[in-house]
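**Q** One file is attached below, coords-v8.txt, containing compact mmCIF, C-alpha atoms.
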# COMPACT_ATOMS: atom_id res chain seq x y z
CA MET H 25 56.07 -19.13 1.56
CA LYS H 26 55.23 -17.78 -1.89
CA VAL H 27 51.53 -18.40 -1.31
CA HIS H 28 51.72 -16.64 2.07
CA ILE H 29 53.33 -13.53 0.49
CA ARG H 30 50.82 -13.58 -2.36
CA GLY H 31 48.00 -13.81 0.20
CA ARG H 32 49.36 -10.84 2.15
CA PHE H 33 49.80 -8.92 -1.08
CA ALA H 34 46.19 -9.67 -2.06
CA ILE H 35 44.92 -8.57 1.36
CA ALA H 36 47.03 -5.41 1.27
CA ALA H 37 45.85 -4.62 -2.26
CA THR H 38 42.25 -5.19 -1.26
CA LEU H 39 42.59 -3.00 1.84
CA THR H 40 44.34 -0.29 -0.18
CA ALA H 41 41.59 -0.38 -2.78
CA MET H 42 38.92 -0.17 -0.06
CA VAL H 43 40.62 2.77 1.65
CA ALA H 44 41.10 4.52 -1.69
CA ALA H 45 37.47 3.94 -2.61
CA HIS H 46 36.29 5.53 0.63
CA ALA H 47 38.85 8.33 0.64
CA GLN H 48 38.33 9.39 -2.97
CA PRO H 49 34.85 10.42 -3.98
CA SER H 50 33.76 8.50 -7.02
CA PRO H 51 32.26 10.45 -9.91
CA SER H 52 28.91 8.84 -9.19
CA SER H 53 28.90 9.73 -5.48
CA VAL H 54 26.67 12.54 -4.31
CA SER H 55 27.87 15.66 -2.55
CA SER H 56 27.41 16.05 1.19
CA THR H 57 24.60 18.55 0.62
CA ASP H 58 22.83 16.21 -1.78
CA SER H 59 23.27 13.36 0.68
CA LYS H 60 21.80 15.48 3.49
CA LYS H 61 18.90 16.47 1.25
CA GLN H 62 18.18 12.81 0.53
CA LEU H 63 18.38 11.99 4.23
CA ALA H 64 16.14 14.94 5.14
CA ALA H 65 13.62 13.72 2.55
CA GLN H 66 13.77 10.23 4.07
CA PHE H 67 13.22 11.70 7.54
CA PHE H 68 10.29 13.77 6.25
CA ASP H 69 8.69 10.61 4.89
CA ALA H 70 9.54 8.39 7.89
CA ALA H 71 8.09 10.95 10.33
CA ARG H 72 4.96 11.14 8.12
CA LEU H 73 5.15 14.92 8.01
CA GLY H 74 3.75 14.97 4.48
CA VAL H 75 0.66 13.09 5.61
CA MET H 76 0.04 15.63 8.38
CA TYR H 77 0.57 18.58 6.02
CA GLU H 78 -1.73 17.17 3.32
CA GLU H 79 -4.40 16.61 5.96
CA LEU H 80 -3.97 20.18 7.20
CA LEU H 81 -4.49 21.48 3.64
CA ALA H 82 -7.55 19.25 3.19
CA ARG H 83 -9.06 20.33 6.51
CA CYS H 84 -8.57 23.97 5.56
CA THR H 85 -11.51 23.65 3.16
CA GLU H 86 -13.77 21.71 5.54
CA GLU H 87 -16.70 23.65 6.90
CA GLY H 88 -17.58 23.14 10.52
CA PRO H 89 -21.03 23.37 12.03
CA GLN H 90 -21.34 26.83 10.45
CA SER H 91 -20.59 27.54 6.81
CA PHE H 92 -17.67 29.83 5.98
CA ALA H 93 -20.17 32.53 4.96
CA THR H 94 -22.07 32.25 8.24
CA GLN H 95 -18.80 32.42 10.18
CA ALA H 96 -17.82 35.57 8.27
CA TYR H 97 -21.27 37.03 8.84
CA THR H 98 -20.96 36.32 12.57
CA VAL H 99 -17.63 38.17 12.67
CA ASP H 100 -18.76 41.19 10.64
CA PRO H 101 -22.43 41.32 9.57
CA ARG H 102 -22.01 44.85 8.19
CA SER H 103 -19.65 43.62 5.51
CA PHE H 104 -22.60 41.81 3.88
CA GLY H 105 -24.66 44.94 3.38
CA SER H 106 -28.31 44.01 3.73
CA LEU H 107 -27.76 40.32 2.94
CA THR H 108 -28.39 37.95 5.81
CA PRO H 109 -28.39 34.16 6.16
CA LYS H 110 -32.18 34.37 5.69
CA SER H 111 -31.86 35.90 2.22
CA SER H 112 -32.72 33.81 -0.84
CA TYR H 113 -29.25 34.80 -2.15
CA TRP H 114 -27.52 33.20 0.83
CA PRO H 115 -26.74 29.93 -1.03
CA ASP H 116 -24.86 32.06 -3.60
CA VAL H 117 -23.00 33.80 -0.77
CA GLU H 118 -22.05 30.43 0.70
CA ALA H 119 -20.85 29.13 -2.69
CA ALA H 120 -18.74 32.26 -3.17
CA HIS H 121 -17.20 31.84 0.29
CA ARG H 122 -16.42 28.16 -0.42
CA ARG H 123 -14.67 29.10 -3.69
CA TYR H 124 -12.73 31.77 -1.80
CA ARG H 125 -11.69 29.25 0.86
CA VAL H 126 -10.53 26.72 -1.74
CA THR H 127 -8.39 29.42 -3.35
CA VAL H 128 -6.94 30.56 -0.02
CA CYS H 129 -6.22 26.99 1.06
CA SER H 130 -4.33 26.35 -2.17
CA TYR H 131 -1.47 28.54 -0.96
CA SER H 132 0.90 25.59 -0.95
CA THR H 133 1.25 21.99 -2.00
CA GLY H 134 2.65 19.07 -0.10
CA ALA H 135 5.63 18.99 -2.48
CA GLU H 136 6.37 22.69 -1.87
CA PHE H 137 6.17 22.17 1.88
CA LYS H 138 8.52 19.18 1.69
CA ALA H 139 11.06 21.15 -0.37
CA PHE H 140 10.88 24.08 2.09
CA TYR H 141 11.17 21.74 5.06
CA ILE H 142 14.22 19.97 3.61
CA GLU H 143 15.96 23.25 2.76
CA HIS H 144 15.44 24.69 6.25
CA PHE H 145 16.03 21.44 8.10
CA LEU H 146 19.52 20.82 6.68
CA PRO H 147 21.65 23.45 8.43
CA ASP H 148 20.89 22.24 11.96
CA LEU H 149 21.51 18.51 11.58
CA SER H 150 24.41 16.37 10.51
CA GLU H 151 24.08 13.30 8.33
CA ALA H 152 24.60 11.19 11.46
CA ASP H 153 21.77 13.04 13.24
CA LEU H 154 19.47 12.47 10.29
CA ARG H 155 20.34 8.76 10.12
CA VAL H 156 19.53 8.33 13.83
CA ALA H 157 16.22 10.19 13.41
CA ILE H 158 15.31 8.11 10.36
CA ALA H 159 16.12 4.92 12.22
CA PHE H 160 13.90 6.00 15.12
CA TYR H 161 10.93 7.09 12.97
CA SER H 162 11.23 3.93 10.90
CA SER H 163 10.98 1.81 14.06
CA PRO H 164 7.67 0.68 15.57
CA SER H 165 8.09 3.22 18.40
CA GLY H 166 8.80 6.01 15.92
CA GLN H 167 5.75 5.11 13.86
CA LEU H 168 3.69 5.15 17.06
CA VAL H 169 4.99 8.67 17.83
CA ALA H 170 4.16 9.79 14.27
CA ALA H 171 0.66 8.29 14.47
CA SER H 172 0.11 9.97 17.84
CA SER H 173 1.23 13.32 16.36
CA GLU H 174 -1.22 12.89 13.50
CA LYS H 175 -4.02 12.11 15.97
CA PHE H 176 -3.13 15.19 18.01
CA SER H 177 -3.17 17.39 14.90
CA ARG H 178 -6.59 16.07 13.92
CA ALA H 179 -7.94 16.77 17.40
CA PHE H 180 -6.34 20.21 17.69
CA TYR H 181 -7.42 21.57 14.28
CA PRO H 182 -11.07 22.20 15.27
CA VAL H 183 -9.96 23.68 18.60
CA ALA H 184 -7.54 26.02 16.83
CA SER H 185 -10.25 26.95 14.32
CA ARG H 186 -12.67 27.90 17.11
CA GLN H 187 -9.98 29.88 18.92
CA MET H 188 -9.04 31.68 15.71
CA LEU H 189 -12.68 32.51 14.99
CA ALA H 190 -13.14 33.94 18.50
CA ALA H 191 -9.91 35.94 18.16
CA ALA H 192 -11.04 37.21 14.74
CA GLN H 193 -14.39 38.28 16.17
CA ALA H 194 -12.75 40.21 19.01
CA ALA H 195 -10.13 41.74 16.70
CA THR H 196 -12.78 42.71 14.13
CA ALA H 197 -14.93 44.39 16.79
CA ALA H 198 -11.92 46.37 18.04
CA LEU H 199 -10.90 47.27 14.48
CA GLN H 200 -14.41 48.45 13.66
CA LYS H 201 -14.43 50.73 16.72
CA ASP H 202 -11.01 52.12 15.80
CA MET H 203 -12.03 52.68 12.18
CA LYS H 204 -15.29 54.35 13.20
CA ARG H 205 -13.36 56.71 15.50
CA ILE H 206 -10.89 57.52 12.71
CA TYR H 207 -13.64 57.93 10.12
CA ASP H 208 -15.66 60.19 12.44
CA ALA H 209 -12.56 62.34 13.03
CA TYR H 210 -11.95 62.45 9.27
CA LYS H 211 -15.55 63.56 8.60
CA LEU H 212 -15.10 66.45 11.06
CA ASP H 213 -11.71 67.45 9.70
CA PRO H 214 -10.91 65.85 6.31
CA LYS H 215 -7.19 66.16 5.76
Could you write out this file's structure as structure tokens?

**A**
Amino acid sequence: MKVHIRGRFAIAATLTAMVAAHAQPSPSSVSSTDSKKQLAAQFFDAARLGVMYEELLARCTEEGPQSFATQAYTVDPRSFGSLTPKSSYWPDVEAAHRRYRVTVCSYSTGAEFKAFYIEHFLPDLSEADLRVAIAFYSSPSGQLVAASSEKFSRAFYPVASRQMLAAAQAATAALQKDMKRIYDAYKLDPK
């Protein structure tokens, strides 16, 4: 009988200790926000969002069939003065445009994007939601979805670039007409 009571006491003490351990945050435990940040970071990595963002930054500096300078010239030849792609200075123009593009494409780093993503991802999801998403993206099916998303991004980037170039050409032509009209009015009546 004594052993039976001691056994119950040991079980009760163990259960009490377990409940207390889960009910009371230990000094080493992380806050809910920190826990969510860690989970959001795990999701970011499992979904391979960093890979896609780094590739986007890298592709930003890739020239297509036309150099950046030639693209800019196509959009607005007047902005080059009398320089044309046939000029002996054109290689210098292209080098300047490449340096410009590298600077523009350095607007962010993968680490900055991840920090921004985590900060803005947290309010909408619970820890349980994040755990489910991590489990999915860590699974073979989730990795297949992530790989498919990466493939889509790679395929869409050149399409988006062409569409943006066409939109820039149309917008530049309209802007030039508007500015000419305004400048002509200003020449007639400078005020």

**Q** If we count all atoms listed in the file and set the cut-off at 12 Å, which residues sit around Lys175 of chain H, ignoring sequence neighbours fewer than 4 positions away in its own chain? Please answer as a compact mmCIF listing (two decimals) with C-alpha atoms, keeping the file's coordinate frame.

**A**
# COMPACT_ATOMS: atom_id res chain seq x y z
CA ARG H 72 4.96 11.14 8.12
CA VAL H 75 0.66 13.09 5.61
CA MET H 76 0.04 15.63 8.38
CA GLU H 79 -4.40 16.61 5.96
CA LEU H 80 -3.97 20.18 7.20
CA LEU H 168 3.69 5.15 17.06
CA VAL H 169 4.99 8.67 17.83
CA ALA H 170 4.16 9.79 14.27
CA ALA H 171 0.66 8.29 14.47
CA ALA H 179 -7.94 16.77 17.40
CA PHE H 180 -6.34 20.21 17.69
CA TYR H 181 -7.42 21.57 14.28

**Q** For Leu73 of chain H, which of H:Lys60, H:Arg102, H:Lys138, H:His121 is the closest residue, counting only C-alpha atoms?

**A** H:Lys138

**Q** Check the smallest atom-to-atom distance from each of H:Lys61, H:Gln200, H:Ala139, H:Gln193 to Thr98 of chain H using all atoms listed in the file, then report the winner.

**A**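 Checking each of H:Lys61, H:Gln200, H:Ala139, H:Gln193 against Thr98 of chain H, counting all atoms listed in the file, the winner is H:Gln193.
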
**Q** Compile the contact shell of Phe160 of chain H as number ranges by chain: residues with an atom at most 12 Å away, counting only C-alpha atoms, same-chain residues fewer than 3 positions apart removed.

**A** H: 66-67, 70-71, 153-157, 163-170

**Q** Neighbours of Phe68 of chain H within 9 Å (only C-alpha atoms; same-chain residues fewer than 5 positions away dropped), as number ranges by chain?

**A** H: 63, 73-74, 138, 141-142, 158

**Q** Have a look at atom CA of Val126 of chain H and atom CA of Ala93 of chain H and let me know their distance in Å, one decimal.

**A**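 Atom CA of Val126 of chain H sits 13.1 Å away from atom CA of Ala93 of chain H.
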
**Q** Work out how far apart atom CA of Val117 of chain H and atom CA of Tyr97 of chain H are and give it in Å to one decimal.

**A**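 Rounded to one decimal, the two atoms are 10.3 Å apart.
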